[in-house]
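K.L.:
Okay, so here is target_11.csv, and as you'll see once you scroll down, it has CSV, C-alpha atoms.
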```csv
chain,number,residue,atom,x,y,z
F,13,MET,CA,-120.9,32.7,-150.1
F,14,PRO,CA,-118.6,30.1,-151.6
F,15,VAL,CA,-115.0,31.2,-152.0
F,16,PRO,CA,-113.3,30.2,-155.3
F,17,ILE,CA,-110.4,27.8,-154.8
F,18,LEU,CA,-108.2,27.3,-157.8
F,19,LYS,CA,-105.6,24.5,-158.2
F,20,GLN,CA,-102.4,25.6,-159.9
F,21,GLY,CA,-99.9,22.7,-159.9
F,22,ASP,CA,-99.0,22.1,-156.3
F,23,THR,CA,-100.7,25.2,-155.0
F,24,LEU,CA,-104.2,26.1,-154.1
F,25,ILE,CA,-105.1,29.8,-154.7
F,26,VAL,CA,-108.0,31.2,-152.8
F,27,SER,CA,-109.5,34.5,-153.8
F,28,VAL,CA,-111.6,36.2,-151.2
F,29,GLN,CA,-113.8,38.5,-153.2
F,30,ALA,CA,-116.1,39.9,-150.6
F,31,ALA,CA,-116.4,40.1,-146.8
F,32,LEU,CA,-117.2,36.7,-145.4
F,33,THR,CA,-119.5,35.7,-142.6
F,34,ASP,CA,-118.2,33.7,-139.7
F,35,ARG,CA,-119.8,30.6,-141.2
F,36,ASP,CA,-118.2,31.3,-144.6
F,37,LEU,CA,-114.8,31.4,-142.9
F,38,ILE,CA,-115.3,28.2,-141.1
F,39,ASP,CA,-116.5,26.5,-144.3
F,40,LEU,CA,-113.4,27.8,-146.1
F,41,LYS,CA,-111.1,26.4,-143.4
F,42,ASN,CA,-112.8,23.0,-143.6
F,43,GLU,CA,-112.8,23.0,-147.4
F,44,LEU,CA,-109.1,23.9,-147.6
F,45,ALA,CA,-108.1,21.2,-145.1
F,46,GLU,CA,-109.9,18.7,-147.3
F,47,LYS,CA,-108.6,20.0,-150.6
F,48,VAL,CA,-104.9,20.1,-149.4
F,49,GLY,CA,-105.1,16.4,-148.8
F,50,GLN,CA,-107.2,15.6,-151.9
F,51,TYR,CA,-104.8,17.4,-154.2
F,52,ARG,CA,-101.6,16.8,-152.2
F,53,SER,CA,-101.0,20.5,-152.3
F,54,LYS,CA,-97.7,21.9,-151.0
F,55,GLY,CA,-98.8,25.6,-150.9
F,56,VAL,CA,-101.9,27.7,-150.3
F,57,VAL,CA,-102.2,31.4,-151.3
F,58,ILE,CA,-105.1,33.3,-149.8
F,59,ASP,CA,-105.7,36.6,-151.6
F,60,VAL,CA,-107.5,39.1,-149.4
F,61,SER,CA,-106.8,42.2,-151.5
F,62,LEU,CA,-110.5,43.0,-152.0
F,63,LEU,CA,-111.2,43.1,-148.3
F,64,ASP,CA,-111.4,46.5,-146.7
F,65,VAL,CA,-111.8,45.2,-143.1
F,66,MET,CA,-110.6,42.2,-141.2
F,67,ASP,CA,-112.1,41.6,-137.8
F,68,SER,CA,-110.7,39.5,-134.9
F,69,PHE,CA,-112.6,36.4,-136.0
F,70,ALA,CA,-111.4,36.6,-139.6
F,71,THR,CA,-107.8,37.2,-138.4
F,72,ARG,CA,-108.0,34.2,-136.0
F,73,THR,CA,-109.6,32.0,-138.6
F,74,LEU,CA,-106.9,32.9,-141.2
F,75,ARG,CA,-104.3,32.1,-138.6
F,76,GLY,CA,-106.1,28.8,-137.9
F,77,ILE,CA,-106.3,28.0,-141.7
F,78,ALA,CA,-102.5,28.5,-142.0
F,79,GLN,CA,-101.9,26.2,-139.0
F,80,THR,CA,-104.4,23.6,-140.3
F,81,THR,CA,-102.9,23.5,-143.8
F,82,LYS,CA,-99.4,23.3,-142.3
F,83,LEU,CA,-100.5,20.2,-140.3
F,84,ARG,CA,-101.8,18.8,-143.6
F,85,GLY,CA,-98.5,19.4,-145.3
F,86,ALA,CA,-99.0,22.8,-147.1
F,87,ASN,CA,-97.5,26.2,-146.4
F,88,THR,CA,-99.9,29.1,-146.5
F,89,VAL,CA,-99.2,32.7,-147.5
F,90,ILE,CA,-101.8,35.5,-147.1
F,91,VAL,CA,-101.5,38.2,-149.8
F,92,GLY,CA,-102.9,41.6,-150.5
F,93,ILE,CA,-103.6,43.0,-147.1
F,94,GLN,CA,-104.5,46.6,-147.9
F,95,PRO,CA,-102.6,49.4,-146.0
F,96,ASP,CA,-105.7,50.7,-144.2
F,97,VAL,CA,-106.6,47.1,-143.1
F,98,ALA,CA,-103.0,46.6,-141.8
F,99,PHE,CA,-103.2,49.9,-139.8
F,100,ALA,CA,-106.5,48.9,-138.3
F,101,MET,CA,-105.3,45.4,-137.4
F,102,VAL,CA,-102.2,46.9,-135.6
F,103,GLN,CA,-104.4,49.4,-133.7
F,104,LEU,CA,-106.8,46.6,-132.7
F,105,GLY,CA,-103.9,44.3,-131.6
F,106,LEU,CA,-104.7,41.7,-134.3
F,107,ALA,CA,-101.8,39.8,-135.7
F,108,LEU,CA,-101.1,36.9,-138.1
F,109,GLU,CA,-98.3,35.5,-136.0
F,110,GLY,CA,-96.5,32.6,-137.6
F,111,VAL,CA,-98.3,33.2,-140.9
F,112,ASP,CA,-96.3,34.3,-144.0
F,113,THR,CA,-97.7,37.4,-145.8
F,114,ALA,CA,-96.8,39.0,-149.1
F,115,LEU,CA,-97.9,42.1,-151.0
F,116,ASP,CA,-99.6,40.3,-153.9
F,117,LEU,CA,-100.1,36.9,-155.6
F,118,ASP,CA,-96.8,37.1,-157.5
F,119,GLU,CA,-94.8,37.7,-154.4
F,120,GLY,CA,-96.7,35.1,-152.5
F,121,MET,CA,-96.0,32.5,-155.2
F,122,GLU,CA,-92.3,33.5,-155.1
F,123,LEU,CA,-92.2,33.1,-151.4
F,124,LEU,CA,-93.6,29.6,-151.7
F,125,ASN,CA,-91.1,28.8,-154.5
F,126,ARG,CA,-88.2,29.9,-152.2
F,127,ARG,CA,-89.6,27.9,-149.3
F,128,PHE,CA,-89.7,24.7,-151.4
F,129,GLY,CA,-86.3,25.5,-152.9
F,130,LYS,CA,-87.3,24.5,-156.4
F,131,GLY,CA,-88.5,25.9,-159.6
F,132,GLU,CA,-92.0,27.1,-160.3
F,133,LEU,CA,-94.4,25.8,-157.7
F,134,GLY,CA,-97.8,25.9,-159.3
F,135,GLY,CA,-96.5,25.0,-162.7
F,136,GLY,CA,-98.0,22.0,-164.6
```
Turn the structure described in the file into structure tokens.
P.N.:
Amino acid sequence: MPVPILKQGDTLIVSVQAALTDRDLIDLKNELAEKVGQYRSKGVVIDVSLLDVMDSFATRTLRGIAQTTKLRGANTVIVGIQPDVAFAMVQLGLALEGVDTALDLDEGMELLNRRFGKGELGGG
């Protein structure tokens, strides 16, 4: 299932709208690495608020996406991790070490704006 990737100024916004297969996650990682270079993006926000579970592969892949986009010149923020998902991840020992997280899209964009130390990232 293709995942929508929207371009908003210097930022790519990814909205994960349903559970993804391992293949979908790998495709997303490859597509984001390509698009960060294509659009010269400085930030990536991945919204996982609609997911009610994140397994070890999804967690590892999201961490890998953040590392890959960082090497391509963009900071990544994962937003919208639901409380039950966070509890389950902790119980299973899953972590997003080294990856910025935020409560929602607005907070994620603010985090990127602060990181770049400038006005509205994602603006025109």
K.L.:
Show which residues sit within 8 Å of Lys41 (chain F), as a list in words. Count only C-alpha atoms, and ignore same-chain residues fewer than 5 positions away.
P.N.:
Thr73, Gly76, Ile77 and Thr80 of chain F
K.L.:
Hey, what's within 7 Å of Ile17 (chain F) if we count only C-alpha atoms and toss same-chain stuff fewer than 6 positions away? As a list in words, please?
P.N.:
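Once the nearby chain positions are removed, what remains is Leu24, Ile25, Val26 and Ser27 of chain F.
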K.L.:
Under the rule that all atoms listed in the file are counted, which of F:Phe128, F:Ile38, F:Phe69, F:Leu62 is the nearest residue to Asp22 (chain F)?
P.N.:
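Smallest distance to Asp22 (chain F) is found for F:Phe128.
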K.L.:
Please report the interatomic distance between CA of Leu106 (chain F) and CA of Gly120 (chain F) in Å with one decimal.
P.N.:
20.9 Å
K.L.:
Can you tell me, as an MDAnalysis selection string, what residues are no more than 10 Å from Ala30 (chain F) when counting only C-alpha atoms, ignoring any on the same chain fewer than 6 positions away?
P.N.:
chainID F and resid 13 15 60:64
K.L.:
Compile the contact shell of Gly110 (chain F) as a count of residues only: residues with an atom at most 10 Å away, counting only C-alpha atoms, same-chain residues fewer than 4 positions apart removed.
P.N.:
3
K.L.:
As a PyMOL selection string, please: the residues near Gly55 (chain F) (cut-off 9 Å, all atoms listed in the file, same-chain neighbours under 6 positions excluded).
P.N.:
chain F and resi 22-25+48+81-82+85-89+121+124+133-134
K.L.:
Let me see the file: selected residues, C-alpha atoms, as a compact mmCIF listing (two decimals), in the coordinates of the input.
P.N.:
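Everything below was put into part33.txt:
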```txt
# COMPACT_ATOMS: atom_id res chain seq x y z
CA ASP F 22 -99.00 22.10 -156.30
CA THR F 23 -100.70 25.20 -155.00
CA LEU F 24 -104.20 26.10 -154.10
CA ILE F 25 -105.10 29.80 -154.70
CA VAL F 48 -104.90 20.10 -149.40
CA THR F 81 -102.90 23.50 -143.80
CA LYS F 82 -99.40 23.30 -142.30
CA GLY F 85 -98.50 19.40 -145.30
CA ALA F 86 -99.00 22.80 -147.10
CA ASN F 87 -97.50 26.20 -146.40
CA THR F 88 -99.90 29.10 -146.50
CA VAL F 89 -99.20 32.70 -147.50
CA MET F 121 -96.00 32.50 -155.20
CA LEU F 124 -93.60 29.60 -151.70
CA LEU F 133 -94.40 25.80 -157.70
CA GLY F 134 -97.80 25.90 -159.30
```
K.L.:
May I ask for the distance between CA of Leu83 (chain F) and CA of Lys54 (chain F), given in Å to one decimal place?
P.N.:
11.2 Å
K.L.:
Report, in Å to a single decimal, how far apart CA of Val57 (chain F) and CA of Leu117 (chain F) are.
P.N.:
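A separation of 7.3 Å between them.
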K.L.:
Nearest residue to Arg35 (chain F) out of F:Leu108, F:Ala70, F:Leu115, F:Val91, using all atoms listed in the file?
P.N.:
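Among the listed residues, the smallest separation from Arg35 (chain F) belongs to F:Ala70.
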K.L.:
List as a PyMOL selection string: which residues have an atom within 12 Å of (-107.9, 18.0, -154.6), counting all atoms listed in the file?
P.N.:
chain F and resi 17-24+43-54
K.L.:
Which residue out of F:Arg126, F:Ala107, F:Glu119, F:Thr33 has the minimum interatomic distance to Arg72 (chain F) when all atoms listed in the file are used?
P.N.:
F:Ala107
K.L.:
Supply region 13-48 of chain F as a CSV table (one decimal), in the frame of the given file, with N, CA and C atoms built in where the input has gaps.
P.N.:
```
chain,number,residue,atom,x,y,z
F,13,MET,N,-121.4,32.5,-148.8
F,13,MET,CA,-120.9,32.7,-150.1
F,13,MET,C,-119.7,31.8,-150.4
F,14,PRO,N,-119.8,30.9,-151.3
F,14,PRO,CA,-118.6,30.1,-151.6
F,14,PRO,C,-117.4,30.9,-152.1
F,15,VAL,N,-116.2,30.5,-151.6
F,15,VAL,CA,-115.0,31.2,-152.0
F,15,VAL,C,-114.3,30.4,-153.1
F,16,PRO,N,-114.0,31.0,-154.2
F,16,PRO,CA,-113.3,30.2,-155.3
F,16,PRO,C,-111.9,29.7,-154.8
F,17,ILE,N,-111.7,28.4,-155.1
F,17,ILE,CA,-110.4,27.8,-154.8
F,17,ILE,C,-109.9,27.2,-156.1
F,18,LEU,N,-108.8,27.7,-156.6
F,18,LEU,CA,-108.2,27.3,-157.8
F,18,LEU,C,-107.0,26.4,-157.5
F,19,LYS,N,-106.8,25.4,-158.3
F,19,LYS,CA,-105.6,24.5,-158.2
F,19,LYS,C,-104.7,24.9,-159.4
F,20,GLN,N,-103.5,25.3,-159.0
F,20,GLN,CA,-102.4,25.6,-159.9
F,20,GLN,C,-101.2,24.8,-159.6
F,21,GLY,N,-101.0,23.6,-160.2
F,21,GLY,CA,-99.9,22.7,-159.9
F,21,GLY,C,-100.1,22.3,-158.5
F,22,ASP,N,-99.0,22.5,-157.7
F,22,ASP,CA,-99.0,22.1,-156.3
F,22,ASP,C,-99.6,23.1,-155.3
F,23,THR,N,-100.2,24.1,-155.9
F,23,THR,CA,-100.7,25.2,-155.0
F,23,THR,C,-102.2,25.4,-155.2
F,24,LEU,N,-102.8,25.7,-154.1
F,24,LEU,CA,-104.2,26.1,-154.1
F,24,LEU,C,-104.3,27.7,-154.0
F,25,ILE,N,-105.0,28.3,-154.8
F,25,ILE,CA,-105.1,29.8,-154.7
F,25,ILE,C,-106.6,30.1,-154.4
F,26,VAL,N,-106.7,30.8,-153.3
F,26,VAL,CA,-108.0,31.2,-152.8
F,26,VAL,C,-108.2,32.7,-153.0
F,27,SER,N,-109.3,33.1,-153.6
F,27,SER,CA,-109.5,34.5,-153.8
F,27,SER,C,-110.8,34.9,-153.1
F,28,VAL,N,-110.5,35.7,-152.0
F,28,VAL,CA,-111.6,36.2,-151.2
F,28,VAL,C,-112.1,37.4,-151.8
F,29,GLN,N,-113.3,37.4,-152.4
F,29,GLN,CA,-113.8,38.5,-153.2
F,29,GLN,C,-114.8,39.4,-152.5
F,30,ALA,N,-115.2,39.1,-151.3
F,30,ALA,CA,-116.1,39.9,-150.6
F,30,ALA,C,-116.0,39.5,-149.1
F,31,ALA,N,-116.5,40.4,-148.2
F,31,ALA,CA,-116.4,40.1,-146.8
F,31,ALA,C,-117.2,38.8,-146.6
F,32,LEU,N,-116.6,38.0,-145.7
F,32,LEU,CA,-117.2,36.7,-145.4
F,32,LEU,C,-117.8,36.7,-144.0
F,33,THR,N,-118.9,35.9,-143.9
F,33,THR,CA,-119.5,35.7,-142.6
F,33,THR,C,-118.6,34.7,-141.9
F,34,ASP,N,-118.9,34.6,-140.6
F,34,ASP,CA,-118.2,33.7,-139.7
F,34,ASP,C,-118.4,32.3,-140.3
F,35,ARG,N,-119.6,31.9,-140.7
F,35,ARG,CA,-119.8,30.6,-141.2
F,35,ARG,C,-119.0,30.4,-142.5
F,36,ASP,N,-119.0,31.4,-143.4
F,36,ASP,CA,-118.2,31.3,-144.6
F,36,ASP,C,-116.7,31.0,-144.3
F,37,LEU,N,-116.2,31.7,-143.3
F,37,LEU,CA,-114.8,31.4,-142.9
F,37,LEU,C,-114.5,30.0,-142.4
F,38,ILE,N,-115.5,29.5,-141.6
F,38,ILE,CA,-115.3,28.2,-141.1
F,38,ILE,C,-115.4,27.2,-142.2
F,39,ASP,N,-116.4,27.4,-143.1
F,39,ASP,CA,-116.5,26.5,-144.3
F,39,ASP,C,-115.2,26.5,-145.1
F,40,LEU,N,-114.6,27.7,-145.3
F,40,LEU,CA,-113.4,27.8,-146.1
F,40,LEU,C,-112.3,27.0,-145.4
F,41,LYS,N,-112.2,27.1,-144.1
F,41,LYS,CA,-111.1,26.4,-143.4
F,41,LYS,C,-111.3,24.9,-143.6
F,42,ASN,N,-112.5,24.4,-143.4
F,42,ASN,CA,-112.8,23.0,-143.6
F,42,ASN,C,-112.5,22.5,-145.0
F,43,GLU,N,-113.0,23.3,-146.0
F,43,GLU,CA,-112.8,23.0,-147.4
F,43,GLU,C,-111.3,22.9,-147.8
F,44,LEU,N,-110.5,23.9,-147.3
F,44,LEU,CA,-109.1,23.9,-147.6
F,44,LEU,C,-108.4,22.7,-147.0
F,45,ALA,N,-108.7,22.4,-145.7
F,45,ALA,CA,-108.1,21.2,-145.1
F,45,ALA,C,-108.4,20.0,-145.9
F,46,GLU,N,-109.6,19.9,-146.4
F,46,GLU,CA,-109.9,18.7,-147.3
F,46,GLU,C,-109.2,18.7,-148.6
F,47,LYS,N,-109.2,19.9,-149.3
F,47,LYS,CA,-108.6,20.0,-150.6
F,47,LYS,C,-107.0,19.8,-150.6
F,48,VAL,N,-106.4,20.3,-149.5
F,48,VAL,CA,-104.9,20.1,-149.4
F,48,VAL,C,-104.6,18.6,-149.5
```
